[in-house]
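In what follows, a single structure is set out as structure tokens and then discussed.
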Amino acid sequence: SGDLAGDVSGSWNGTSRSDADGILVAVHKSLADEQMCDALALFLANRVLNSSWAKGHDDVAYYCKAPLALLEAGREADARKALAIAARFAESDGSGSGYALYREEFLQAPWFWICWAASRLKDEDLANRCFTRLCAYRHTVTDSGLVKAPFRQHQEFEADFYATALVAKAALLRGAKDEGIASGDSMLRALEANRDNMDRRRCFRLRWCWQSGLIEREDRFYSVAQDRPGQLVALLGLPAVVLLELSRFTSPTARARRFREGAERLLGFLRGCNGLAR
């Protein structure tokens, strides 16, 4: 599903993981049987739509994915209510969250999830506002997605494979096909730069900068290694899905084939990761 929340534990400040788990409902219903999906969706709705519960859980991390999860579970009315709640957080990035992933690394990620749900539910104003803010984390020359801080001219930056996938997918959602394809091309360049890492070192370097290229840092936000447990495989899972989608958005051309081949290479790499079902 591309969901990172289930992969990062122990990163909440003073909140109960049992409460937080309500937001971890799978984005795609096909990932669970129908009965389990319905139970999880009901649990989620009973939390995020409960005003008493919400008073003690004023954090975008609880709400940004909820509308999309409820929509995928067939609860459109609840999804619309949840989107109205999530919209309250649309003016700010994730820097105020108790969830370290949003607070420190992917500050723009909440906007992505709200944009996706708003696009599906035809809330055009909210979707456009979130997309505009998300695009502040896009390098205007390379079309790469950035982490930790938005793009600033003539300043150092750190680009990221997953963040680039967020930009590409959001662009497709908002009908900005050319921008989505440009970010997809950036993903393909990063994939090609990782060819030797994937084939010989069994790892994928997720981040890069202008001066030195791929950043060789042994940190789970910076690489995915096939032979080490606890890797954030979702940092490659969502990009693989986005590349497949891009291959359908482009006509049957060499570029479309490259997008599909890139997705297949990522999926092949993920199949070799420890802890994933074959």
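Convention: chains lettered A, B, ... in structure tokens order; per-chain residue numbering from 1; ligands numbered from 1 as shown.
By only C-alpha atoms, and with residues fewer than 2 positions from Lys81 in chain A along its chain excluded, the set lying at most 12 Å from it is Ala45, Asn46, Val48, Leu49, Asn50, Ser51, Tyr63, Ala66, Pro67, Leu68, Leu70, Leu71, Arg75, Glu76, Ala77, Asp78, Ala79, Leu83, Ala84, Ile85, Ala86, Ala87, Arg88, Ala117, Ala118 and Leu121 of chain A.
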From the set A:Ser212, A:Asn274, A:Thr250, A:Ser52, which residue has the shortest atom-to-atom contact distance to Asp178 in chain A, counting only C-alpha atoms?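 Of A:Ser212, A:Asn274, A:Thr250, A:Ser52, the one nearest Asp178 in chain A is A:Thr250, counting only C-alpha atoms.
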Between A:Arg258, A:Arg207, A:Arg152, A:Arg138, which has the minimum distance to Val224 in chain A (counting only C-alpha atoms)?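 Smallest separation from Val224 in chain A among the options: A:Arg207.
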Quick one: residues within 9 Å of range 197-202 of chain A, only C-alpha atoms, excluding same-chain residues fewer than 6 positions away - as a PyMOL selection string? chain A and resi 224-227+269+272-273
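The space separating CA of Leu146 in chain A from CA of Asp125 in chain A comes to 24.0 Å.
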If you take only C-alpha atoms and a cut-off of 9 Å, which residues of range 47-136 of chain A touch range 147-150 of chain A, and what are their nearest atom pairs and distances in Å to one decimal, in chain and number order, as JSON lines?
{"residue": "A:Arg103", "atom": "CA", "partner": "A:Lys148", "partner_atom": "CA", "distance": 8.6}
{"residue": "A:Glu104", "atom": "CA", "partner": "A:Lys148", "partner_atom": "CA", "distance": 6.2}
{"residue": "A:Glu105", "atom": "CA", "partner": "A:Lys148", "partner_atom": "CA", "distance": 5.1}
{"residue": "A:Phe106", "atom": "CA", "partner": "A:Val147", "partner_atom": "CA", "distance": 5.6}
{"residue": "A:Leu107", "atom": "CA", "partner": "A:Lys148", "partner_atom": "CA", "distance": 6.4}
{"residue": "A:Gln108", "atom": "CA", "partner": "A:Val147", "partner_atom": "CA", "distance": 8.1}
{"residue": "A:Leu134", "atom": "CA", "partner": "A:Pro150", "partner_atom": "CA", "distance": 8.8}
{"residue": "A:Cys135", "atom": "CA", "partner": "A:Pro150", "partner_atom": "CA", "distance": 8.5}
{"residue": "A:Ala136", "atom": "CA", "partner": "A:Pro150", "partner_atom": "CA", "distance": 5.3}
Would you output that residue set with all heavy atoms, as a PDB file, in the first residue's frame?
ATOM      1  N   ARG A 103       7.343  14.624  11.267  1.00  0.00           N
ATOM      2  CA  ARG A 103       7.957  15.772  11.932  1.00  0.00           C
ATOM      3  C   ARG A 103       9.375  16.041  11.427  1.00  0.00           C
ATOM      4  O   ARG A 103       9.800  17.203  11.339  1.00  0.00           O
ATOM      5  CB  ARG A 103       7.985  15.531  13.438  1.00  0.00           C
ATOM      6  CG  ARG A 103       8.487  16.708  14.257  1.00  0.00           C
ATOM      7  CD  ARG A 103       8.497  16.392  15.748  1.00  0.00           C
ATOM      8  NE  ARG A 103       9.460  15.365  16.113  1.00  0.00           N
ATOM      9  CZ  ARG A 103       9.129  14.133  16.504  1.00  0.00           C
ATOM     10  NH1 ARG A 103       7.867  13.762  16.575  1.00  0.00           N
ATOM     11  NH2 ARG A 103      10.075  13.259  16.818  1.00  0.00           N
ATOM     12  N   GLU A 104      10.112  14.973  11.056  1.00  0.00           N
ATOM     13  CA  GLU A 104      11.529  15.131  10.762  1.00  0.00           C
ATOM     14  C   GLU A 104      11.926  14.808   9.326  1.00  0.00           C
ATOM     15  O   GLU A 104      12.886  15.391   8.814  1.00  0.00           O
ATOM     16  CB  GLU A 104      12.338  14.240  11.716  1.00  0.00           C
ATOM     17  CG  GLU A 104      12.142  14.580  13.181  1.00  0.00           C
ATOM     18  CD  GLU A 104      12.771  13.548  14.105  1.00  0.00           C
ATOM     19  OE1 GLU A 104      13.423  12.617  13.582  1.00  0.00           O
ATOM     20  OE2 GLU A 104      12.611  13.662  15.329  1.00  0.00           O
ATOM     21  N   GLU A 105      11.232  13.895   8.689  1.00  0.00           N
ATOM     22  CA  GLU A 105      11.676  13.430   7.376  1.00  0.00           C
ATOM     23  C   GLU A 105      10.755  13.905   6.245  1.00  0.00           C
ATOM     24  O   GLU A 105      11.138  14.720   5.417  1.00  0.00           O
ATOM     25  CB  GLU A 105      11.782  11.901   7.377  1.00  0.00           C
ATOM     26  CG  GLU A 105      12.742  11.334   8.401  1.00  0.00           C
ATOM     27  CD  GLU A 105      14.195  11.641   8.090  1.00  0.00           C
ATOM     28  OE1 GLU A 105      14.521  11.862   6.912  1.00  0.00           O
ATOM     29  OE2 GLU A 105      14.997  11.670   9.043  1.00  0.00           O
ATOM     30  N   PHE A 106       9.529  13.382   6.225  1.00  0.00           N
ATOM     31  CA  PHE A 106       8.595  13.688   5.138  1.00  0.00           C
ATOM     32  C   PHE A 106       7.536  14.664   5.641  1.00  0.00           C
ATOM     33  O   PHE A 106       6.381  14.295   5.856  1.00  0.00           O
ATOM     34  CB  PHE A 106       7.959  12.404   4.617  1.00  0.00           C
ATOM     35  CG  PHE A 106       8.957  11.418   4.066  1.00  0.00           C
ATOM     36  CD1 PHE A 106       9.424  10.379   4.851  1.00  0.00           C
ATOM     37  CD2 PHE A 106       9.441  11.539   2.773  1.00  0.00           C
ATOM     38  CE1 PHE A 106      10.350   9.471   4.367  1.00  0.00           C
ATOM     39  CE2 PHE A 106      10.371  10.642   2.270  1.00  0.00           C
ATOM     40  CZ  PHE A 106      10.831   9.602   3.061  1.00  0.00           C
ATOM     41  N   LEU A 107       7.921  15.916   5.813  1.00  0.00           N
ATOM     42  CA  LEU A 107       7.010  16.917   6.347  1.00  0.00           C
ATOM     43  C   LEU A 107       5.804  17.133   5.443  1.00  0.00           C
ATOM     44  O   LEU A 107       4.729  17.529   5.894  1.00  0.00           O
ATOM     45  CB  LEU A 107       7.735  18.248   6.556  1.00  0.00           C
ATOM     46  CG  LEU A 107       8.690  18.347   7.748  1.00  0.00           C
ATOM     47  CD1 LEU A 107      10.020  17.641   7.472  1.00  0.00           C
ATOM     48  CD2 LEU A 107       8.970  19.811   8.094  1.00  0.00           C
ATOM     49  N   GLN A 108       5.974  16.857   4.158  1.00  0.00           N
ATOM     50  CA  GLN A 108       4.916  17.082   3.179  1.00  0.00           C
ATOM     51  C   GLN A 108       3.961  15.902   3.027  1.00  0.00           C
ATOM     52  O   GLN A 108       2.933  16.010   2.360  1.00  0.00           O
ATOM     53  CB  GLN A 108       5.527  17.398   1.805  1.00  0.00           C
ATOM     54  CG  GLN A 108       6.206  16.203   1.093  1.00  0.00           C
ATOM     55  CD  GLN A 108       7.648  15.985   1.488  1.00  0.00           C
ATOM     56  OE1 GLN A 108       8.015  16.171   2.638  1.00  0.00           O
ATOM     57  NE2 GLN A 108       8.475  15.581   0.528  1.00  0.00           N
ATOM     58  N   LEU A 134       2.525  20.605  -1.438  1.00  0.00           N
ATOM     59  CA  LEU A 134       3.398  19.458  -1.669  1.00  0.00           C
ATOM     60  C   LEU A 134       4.475  19.804  -2.695  1.00  0.00           C
ATOM     61  O   LEU A 134       5.643  19.412  -2.549  1.00  0.00           O
ATOM     62  CB  LEU A 134       2.556  18.268  -2.143  1.00  0.00           C
ATOM     63  CG  LEU A 134       3.297  17.007  -2.589  1.00  0.00           C
ATOM     64  CD1 LEU A 134       4.018  16.361  -1.415  1.00  0.00           C
ATOM     65  CD2 LEU A 134       2.327  16.009  -3.214  1.00  0.00           C
ATOM     66  N   CYS A 135       4.112  20.547  -3.722  1.00  0.00           N
ATOM     67  CA  CYS A 135       5.056  20.870  -4.795  1.00  0.00           C
ATOM     68  C   CYS A 135       6.158  21.817  -4.344  1.00  0.00           C
ATOM     69  O   CYS A 135       7.155  21.988  -5.060  1.00  0.00           O
ATOM     70  CB  CYS A 135       4.311  21.464  -5.987  1.00  0.00           C
ATOM     71  SG  CYS A 135       3.397  20.230  -6.941  1.00  0.00           S
ATOM     72  N   ALA A 136       6.012  22.427  -3.177  1.00  0.00           N
ATOM     73  CA  ALA A 136       7.111  23.223  -2.638  1.00  0.00           C
ATOM     74  C   ALA A 136       8.305  22.335  -2.318  1.00  0.00           C
ATOM     75  O   ALA A 136       9.443  22.816  -2.237  1.00  0.00           O
ATOM     76  CB  ALA A 136       6.659  23.978  -1.394  1.00  0.00           C
TER      77      ALA A 136
END
Smallest atom-to-atom distance to Gly180 in chain A: which of A:Glu216, A:Asp143, A:Glu156, A:Glu72, using only C-alpha atoms?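 Smallest separation from Gly180 in chain A among the options: A:Asp143.
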Looking at only C-alpha atoms, which of A:Leu276, A:Leu236, A:Leu188, A:Ala256 is the one that sits closest to Ala163 in chain A?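 For Ala163 in chain A, the nearest of the candidates is A:Leu236.
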Could you pull out all residues of range 97-230 of chain A with a DSSP call of strand (DSSP E) and give them as a list in words?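 Here is the list: Gly145, Leu146, Ala159, Asp160, Cys203, Phe204, Arg205, Arg207, Trp208, Cys209, Gly213, Leu214, Ser223, Val224 and Ala225 of chain A.
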Spatial neighbours of Arg255 in chain A, max dist 12 Å, only C-alpha atoms, sep filter under 5 positions, as a list in words: Ile181, Ala182, Gly184, Asp185, Leu188, Leu243, Leu244, Leu246, Ser247, Arg248, Phe249, Thr250, Arg260, Glu261 and Gly262 of chain A
What residues in range 21-218 of chain A get the DSSP label helix (DSSP H, G or I)? Please answer as a VMD selection string. chain A and resid 21 to 24 29 to 31 34 to 48 51 to 55 60 to 63 66 to 72 76 to 89 94 to 96 100 to 105 109 to 120 124 to 137 161 to 173 177 to 193 195 to 201
